[in-house]
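Raw input.txt, compact mmCIF, C-alpha atoms:
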```
# COMPACT_ATOMS: atom_id res chain seq x y z
CA MET A 1 -36.45 22.43 29.38
CA THR A 2 -37.82 18.91 29.96
CA LYS A 3 -38.32 18.45 26.22
CA ARG A 4 -34.76 19.60 25.53
CA ILE A 5 -33.36 17.14 28.06
CA ALA A 6 -35.45 14.35 26.50
CA ILE A 7 -34.04 15.15 23.04
CA ILE A 8 -30.46 15.17 24.39
CA LEU A 9 -31.00 11.82 26.13
CA LEU A 10 -32.54 10.39 22.96
CA LEU A 11 -29.53 11.49 20.90
CA ILE A 12 -27.16 9.95 23.45
CA PHE A 13 -29.19 6.73 23.38
CA MET A 14 -29.17 6.63 19.57
CA SER A 15 -25.40 7.13 19.60
CA PHE A 16 -25.00 4.07 21.81
CA VAL A 17 -27.33 2.08 19.53
CA ILE A 18 -25.23 3.02 16.50
CA PHE A 19 -22.08 2.16 18.45
CA PHE A 20 -23.49 -1.26 19.37
CA VAL A 21 -24.76 -2.09 15.85
CA THR A 22 -21.56 -1.09 14.08
CA ASN A 23 -19.46 -3.13 16.50
CA LYS A 24 -21.65 -6.18 15.90
CA LEU A 25 -21.36 -5.65 12.15
CA SER A 26 -17.60 -5.37 12.48
CA ILE A 27 -17.40 -8.65 14.43
CA MET A 28 -19.69 -10.36 11.93
CA TYR A 29 -17.59 -9.33 8.94
CA TYR A 30 -14.42 -10.29 10.75
CA LYS A 31 -15.72 -13.83 11.21
CA MET A 32 -16.84 -14.24 7.60
CA ARG A 33 -14.93 -16.80 5.59
CA TYR A 34 -12.54 -15.75 2.88
CA ASP A 35 -10.36 -17.46 0.31
CA THR A 36 -7.34 -18.84 2.20
CA THR A 37 -5.20 -18.83 -0.95
CA TYR A 38 -4.69 -15.08 -0.49
CA LYS A 39 -1.38 -14.40 1.25
CA SER A 40 -0.18 -11.39 3.17
CA TYR A 41 2.05 -9.21 0.99
CA GLN A 42 4.70 -9.54 3.71
CA GLU A 43 4.72 -13.31 3.13
CA GLY A 44 4.50 -13.20 -0.66
CA ILE A 45 1.70 -13.82 -3.15
CA ALA A 46 -0.39 -16.73 -4.33
CA ALA A 47 0.58 -17.08 -8.01
CA LYS A 48 1.58 -19.80 -10.42
CA ASN A 49 4.37 -18.00 -12.25
CA TYR A 50 5.38 -15.08 -10.02
CA ILE A 51 6.94 -14.47 -6.61
CA LEU A 52 7.07 -11.36 -4.43
CA VAL A 53 10.52 -10.69 -2.98
CA PRO A 54 11.23 -8.05 -0.30
CA VAL A 55 13.89 -5.52 -1.31
CA SER A 56 14.10 -2.79 1.26
CA LYS A 57 12.47 -0.51 3.79
CA VAL A 58 13.11 3.15 3.04
CA ILE A 59 12.25 6.50 4.56
CA PRO A 60 8.80 7.63 3.35
CA GLN A 61 9.68 10.82 1.48
CA ASP A 62 12.32 9.13 -0.66
CA LEU A 63 10.47 6.29 -2.39
CA VAL A 64 8.93 7.85 -5.49
CA SER A 65 8.71 6.84 -9.13
CA GLY A 66 11.79 8.91 -9.93
CA ASN A 67 13.92 6.44 -7.97
CA ILE A 68 13.13 3.31 -10.01
CA ASN A 69 15.17 3.39 -13.22
CA PHE A 70 15.47 0.97 -16.14
CA ASP A 71 18.64 1.03 -18.23
CA THR A 72 17.46 0.65 -21.84
CA LEU A 73 20.92 -0.42 -23.12
CA ASP A 74 22.11 -2.87 -20.46
CA HIS A 75 18.57 -3.89 -19.51
CA LYS A 76 18.97 -3.55 -15.76
CA PHE A 77 17.16 -1.74 -12.96
CA ILE A 78 19.00 0.89 -10.92
CA ILE A 79 17.33 2.03 -7.69
CA PRO A 80 18.99 4.59 -5.40
CA LEU A 81 17.26 4.74 -2.01
CA LYS A 82 17.74 6.25 1.41
CA HIS A 83 17.58 4.12 4.55
CA GLN A 84 16.97 5.41 8.03
CA TYR A 85 18.68 3.61 10.90
CA TYR A 86 18.66 4.07 14.64
CA ASP A 87 22.13 3.73 16.14
CA GLU A 88 21.65 2.50 19.71
CA GLN A 89 25.26 3.18 20.70
CA LYS A 90 25.17 6.78 19.53
CA ASP A 91 21.47 7.16 20.41
CA GLU A 92 20.76 8.91 17.14
CA VAL A 93 19.13 8.38 13.76
CA THR A 94 21.42 8.10 10.76
CA ILE A 95 20.58 8.11 7.06
CA SER A 96 22.45 5.88 4.64
CA ASN A 97 22.41 5.97 0.82
CA CYS A 98 22.06 2.63 -0.92
CA THR A 99 21.94 1.74 -4.62
CA TYR A 100 20.39 -1.54 -5.76
CA ILE A 101 21.02 -2.97 -9.25
CA PHE A 102 18.85 -5.79 -10.63
CA ASP A 103 19.09 -7.54 -13.98
CA LYS A 104 16.10 -7.79 -16.33
CA SER A 105 14.88 -10.98 -14.61
CA GLY A 106 14.85 -9.31 -11.19
CA THR A 107 18.01 -10.92 -9.82
CA LEU A 108 20.02 -8.67 -7.50
CA LEU A 109 23.40 -7.90 -9.09
CA SER A 110 24.81 -5.50 -6.50
CA LYS A 111 23.98 -3.41 -3.47
CA THR A 112 26.21 -0.45 -2.69
CA GLU A 113 25.84 1.45 0.56
CA THR A 114 27.52 4.70 1.56
CA ALA A 115 27.07 7.41 4.16
CA GLU A 116 27.61 10.12 1.55
CA GLU A 117 25.28 11.00 -1.31
CA ILE A 118 27.18 10.44 -4.56
CA GLU A 119 26.35 11.92 -7.95
CA GLN A 120 25.54 9.10 -10.39
CA GLN A 121 24.69 10.96 -13.57
CA LYS A 122 26.60 8.58 -15.86
CA GLN A 123 24.89 5.59 -14.32
CA PHE A 124 21.47 6.97 -15.28
CA GLU A 125 22.45 8.26 -18.73
CA HIS A 126 20.44 5.67 -20.69
CA CYS A 127 17.72 5.14 -18.10
CA ILE A 128 14.00 5.73 -18.14
CA LYS A 129 12.02 6.19 -14.96
CA LEU A 130 9.22 3.77 -14.18
CA GLU A 131 5.80 5.28 -13.54
CA GLU A 132 3.17 4.18 -11.06
CA ILE A 133 0.44 2.49 -13.11
CA LEU A 134 -2.37 2.00 -10.60
CA LEU A 135 -3.14 5.69 -10.96
CA TYR A 136 -4.16 5.09 -14.58
CA ILE A 137 -5.25 1.44 -14.80
CA ASN A 138 -8.09 0.98 -12.31
CA LYS A 139 -8.70 -2.68 -13.05
CA MET A 140 -5.15 -3.87 -12.51
CA ALA A 141 -5.89 -4.22 -8.79
CA ASP A 142 -9.35 -5.52 -7.91
CA VAL A 143 -10.59 -5.81 -4.35
CA GLN A 144 -12.37 -9.15 -4.27
CA TYR A 145 -13.26 -8.99 -0.60
CA PHE A 146 -12.86 -6.55 2.26
CA SER A 147 -12.86 -7.81 5.85
CA LYS A 148 -14.31 -5.13 8.12
CA GLU A 149 -12.34 -5.38 11.35
CA ARG A 150 -12.65 -2.01 13.07
CA TYR A 151 -15.26 0.69 12.79
CA CYS A 152 -13.76 4.16 12.55
CA TYR A 153 -15.79 6.47 14.74
CA ASN A 154 -15.61 10.02 13.54
CA TRP A 155 -18.73 12.04 14.20
CA ASN A 156 -16.99 15.39 14.30
CA PRO A 157 -18.69 17.61 11.68
CA PHE A 158 -15.79 20.09 11.91
CA ARG A 159 -13.09 17.50 11.12
CA GLY A 160 -10.41 19.14 8.99
CA TYR A 161 -12.08 22.53 9.23
CA GLY A 162 -9.59 25.22 8.27
CA SER A 163 -7.13 22.78 6.73
CA PRO A 164 -5.63 24.01 3.42
CA THR A 165 -6.21 20.53 1.93
CA GLY A 166 -9.81 20.29 3.10
CA SER A 167 -11.42 17.77 5.42
CA GLY A 168 -10.50 14.71 3.36
CA ARG A 169 -12.55 11.54 3.16
CA ASN A 170 -14.29 10.16 6.20
CA MET A 171 -13.35 6.48 6.12
CA THR A 172 -15.85 4.15 7.79
CA TRP A 173 -13.90 0.92 8.27
CA GLU A 174 -10.38 -0.32 8.82
CA GLY A 175 -9.69 -3.89 7.76
CA THR A 176 -7.98 -6.29 5.38
CA ALA A 177 -8.36 -6.10 1.60
CA TYR A 178 -8.12 -9.28 -0.49
CA ILE A 179 -6.78 -8.20 -3.86
CA GLU A 180 -6.23 -9.69 -7.30
CA LEU A 181 -3.30 -7.99 -9.00
CA LYS A 182 -3.21 -8.59 -12.75
CA MET A 183 0.17 -9.37 -14.32
CA LYS A 184 -0.13 -10.26 -18.02
CA ASN A 185 -2.48 -13.27 -18.13
CA GLU A 186 -2.26 -14.16 -14.45
CA LYS A 187 -4.00 -12.85 -11.34
CA LEU A 188 -1.80 -12.59 -8.28
CA LYS A 189 -3.62 -13.03 -4.98
CA LEU A 190 -2.49 -11.02 -1.98
CA LYS A 191 -3.98 -9.37 1.06
CA ILE A 192 -3.15 -6.01 2.60
CA GLU A 193 -3.85 -5.11 6.21
CA GLU A 194 -4.64 -1.67 7.62
CA VAL A 195 -6.76 -0.62 4.65
CA PHE A 196 -9.43 2.06 5.09
CA ALA A 197 -12.77 1.93 3.27
CA GLN A 198 -15.88 4.09 3.01
CA ASN A 199 -18.83 1.85 2.17
CA PHE A 200 -20.79 1.10 5.35
CA PHE A 201 -22.58 -2.15 4.47
CA SER A 202 -21.14 -3.70 1.32
CA ASN A 203 -17.71 -5.29 0.90
CA LYS A 204 -17.69 -4.61 -2.85
CA TYR A 205 -15.86 -1.42 -3.66
CA GLU A 206 -15.01 0.92 -6.47
CA LYS A 207 -11.45 2.25 -6.62
CA SER A 208 -12.48 5.50 -4.97
CA ASP A 209 -14.07 3.76 -1.98
CA TYR A 210 -10.90 2.52 -0.30
CA GLU A 211 -7.32 3.53 0.41
CA LEU A 212 -4.99 0.66 -0.44
CA ASP A 213 -1.80 2.69 0.00
CA MET A 214 0.02 0.55 -2.55
CA SER A 215 1.77 1.29 -5.82
CA VAL A 216 2.92 -0.84 -8.75
CA TYR A 217 5.66 0.23 -11.17
CA LEU A 218 6.17 -1.32 -14.62
CA VAL A 219 8.46 -0.62 -17.56
CA PRO A 220 6.75 0.99 -20.56
CA VAL A 221 4.89 -1.35 -22.94
CA LYS A 222 7.65 -1.34 -25.60
CA PHE A 223 10.10 -2.86 -23.07
CA GLN A 224 7.75 -5.47 -21.63
CA LYS A 225 8.97 -8.09 -24.12
CA ILE A 226 12.42 -7.69 -22.56
CA THR A 227 11.32 -7.85 -18.93
CA ASP A 228 8.12 -8.50 -17.02
CA VAL A 229 9.61 -7.46 -13.67
CA ALA A 230 7.47 -5.10 -11.61
CA PHE A 231 7.99 -3.24 -8.34
CA PHE A 232 5.42 -3.23 -5.54
CA VAL A 233 5.39 -0.55 -2.86
CA ARG A 234 3.40 -0.62 0.36
CA HIS A 235 3.11 2.93 1.66
CA LYS A 236 3.04 3.10 5.45
CA ASN A 237 1.44 5.82 7.53
CA TYR A 238 3.89 5.12 10.31
CA GLY A 239 7.41 3.90 9.74
CA PRO A 240 9.31 3.29 6.49
CA ASN A 241 7.73 2.31 3.16
CA GLU A 242 8.23 -1.27 2.02
CA LEU A 243 9.62 -2.09 -1.44
CA TYR A 244 9.16 -5.48 -3.11
CA ILE A 245 9.98 -6.88 -6.53
CA ILE A 246 7.53 -9.02 -8.51
CA LYS A 247 9.46 -11.48 -10.69
CA SER A 248 8.98 -14.76 -12.51
CA LYS A 249 9.68 -17.99 -10.64
```

Have the structure of the file written as structure tokens, please.
Amino acid sequence: MTKRIAIILLLIFMSFVIFFVTNKLSIMYYKMRYDTTYKSYQEGIAAKNYILVPVSKVIPQDLVSGNINFDTLDHKFIIPLKHQYYDEQKDEVTISNCTYIFDKSGTLLSKTETAEEIEQQKQFEHCIKLEEILLYINKMADVQYFSKERYCYNWNPFRGYGSPTGSGRNMTWEGTAYIELKMKNEKLKLKIEEVFAQNFFSNKYEKSDYELDMSVYLVPVKFQKITDVAFFVRHKNYGPNELYIIKSK
């Protein structure tokens, strides 16, 4: 019995040691210097020829690749989205349909909002749908530095047990990722907060080691001589997704 108690006390002590060390590591990484030219995606990007312009916040389940369309005849972007609003007077949540139209340079031509969902088949007749390219081009977004700001304690060996999707990945850190996003011959510098990463010690990561929760949409290669506009999406765990447009200055 005495030996068992000693083992339990030792395990508790080791847990506190791990807790202490990881917190110190987190503080140390947080204080490390980083390149100040990186800007928060909510502020824009550090780039010579490009700017990042906020477009909209939309309800999470609605912002998918099927909603970003490029008209191959008129060379314009047509984006139907759904917005979620909270009406304080009525004390209820309402959903509004909104269609954005941009020209090939990324300039907003019109924004039409309606409470009713309208069929727009003719509007999309000559359109192609943009696909998310970060799924296929690993090196388009490189994490140059990851600031470890909070250690994610999860010592439950039964986490996710019984879930139809499995236990998922056990992310070690939450912090800020400093990213170089490649657009043609230029690297756009931006930083994204609330990123989760796996690697315990290093701040150099492979694509599979972190969850950036971002997407980039481009027109197919054969249309890139017509337009170099791209769309950037920041997927949020809580609250609406954020849609931005990357365009030339």

Which one is closest to Phe231 in chain A: A:Leu190, A:Leu73, A:Val55, A:Ile101? Count all atoms listed in the file.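 Distance minimum relative to Phe231 in chain A lands on A:Val55.
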
Residues within 8 Å of Ile45 in chain A, please, as a short mmCIF file (atom, residue, chain, number, x, y, z; two decimals) with C-alpha atoms, in the coordinates of the input. Count all atoms listed in the file; anything in the same chain fewer than 5 positions from it doesn't count.
```cif
data_model
loop_
_atom_site.label_atom_id
_atom_site.label_comp_id
_atom_site.auth_asym_id
_atom_site.auth_seq_id
_atom_site.Cartn_x
_atom_site.Cartn_y
_atom_site.Cartn_z
CA TYR A 38 -4.69 -15.08 -0.49
CA LYS A 39 -1.38 -14.40 1.25
CA SER A 40 -0.18 -11.39 3.17
CA TYR A 50 5.38 -15.08 -10.02
CA ILE A 51 6.94 -14.47 -6.61
CA LEU A 52 7.07 -11.36 -4.43
CA LEU A 188 -1.80 -12.59 -8.28
CA LYS A 189 -3.62 -13.03 -4.98
CA LEU A 190 -2.49 -11.02 -1.98
#
```

Which neighbours of Phe70 in chain A fall inside 9 Å, counting all atoms listed in the file, when residues of the same chain fewer than 6 positions from it are skipped, and could you give them as a list in words?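 Within the cut-off, the hits are Lys76, Phe77, Ile78, Ile79, Lys104, Phe124, His126, Cys127, Ile128, Lys129, Leu130 and Val219 of chain A.
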
Close residues, range 172-184 of chain A itself excluded, 7 Å, all atoms listed in the file, min 3 positions apart in chain, as a list in words: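 Contacts, in chain order: Tyr38, Met140, Ala141, Asp142, Val143, Gln144, Tyr145, Phe146, Ser147, Lys148, Glu149, Arg150, Tyr151, Cys152, Lys187, Leu188, Lys189, Leu190, Lys191, Ile192, Glu193, Glu194, Val195, Phe196, Ala197, Gln198, Asn199 and Phe200 of chain A.
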
For CA of Lys249 in chain A and CA of Lys48 in chain A, quote the distance in Å rounded to one decimal.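 Interatomic distance here is 8.3 Å.
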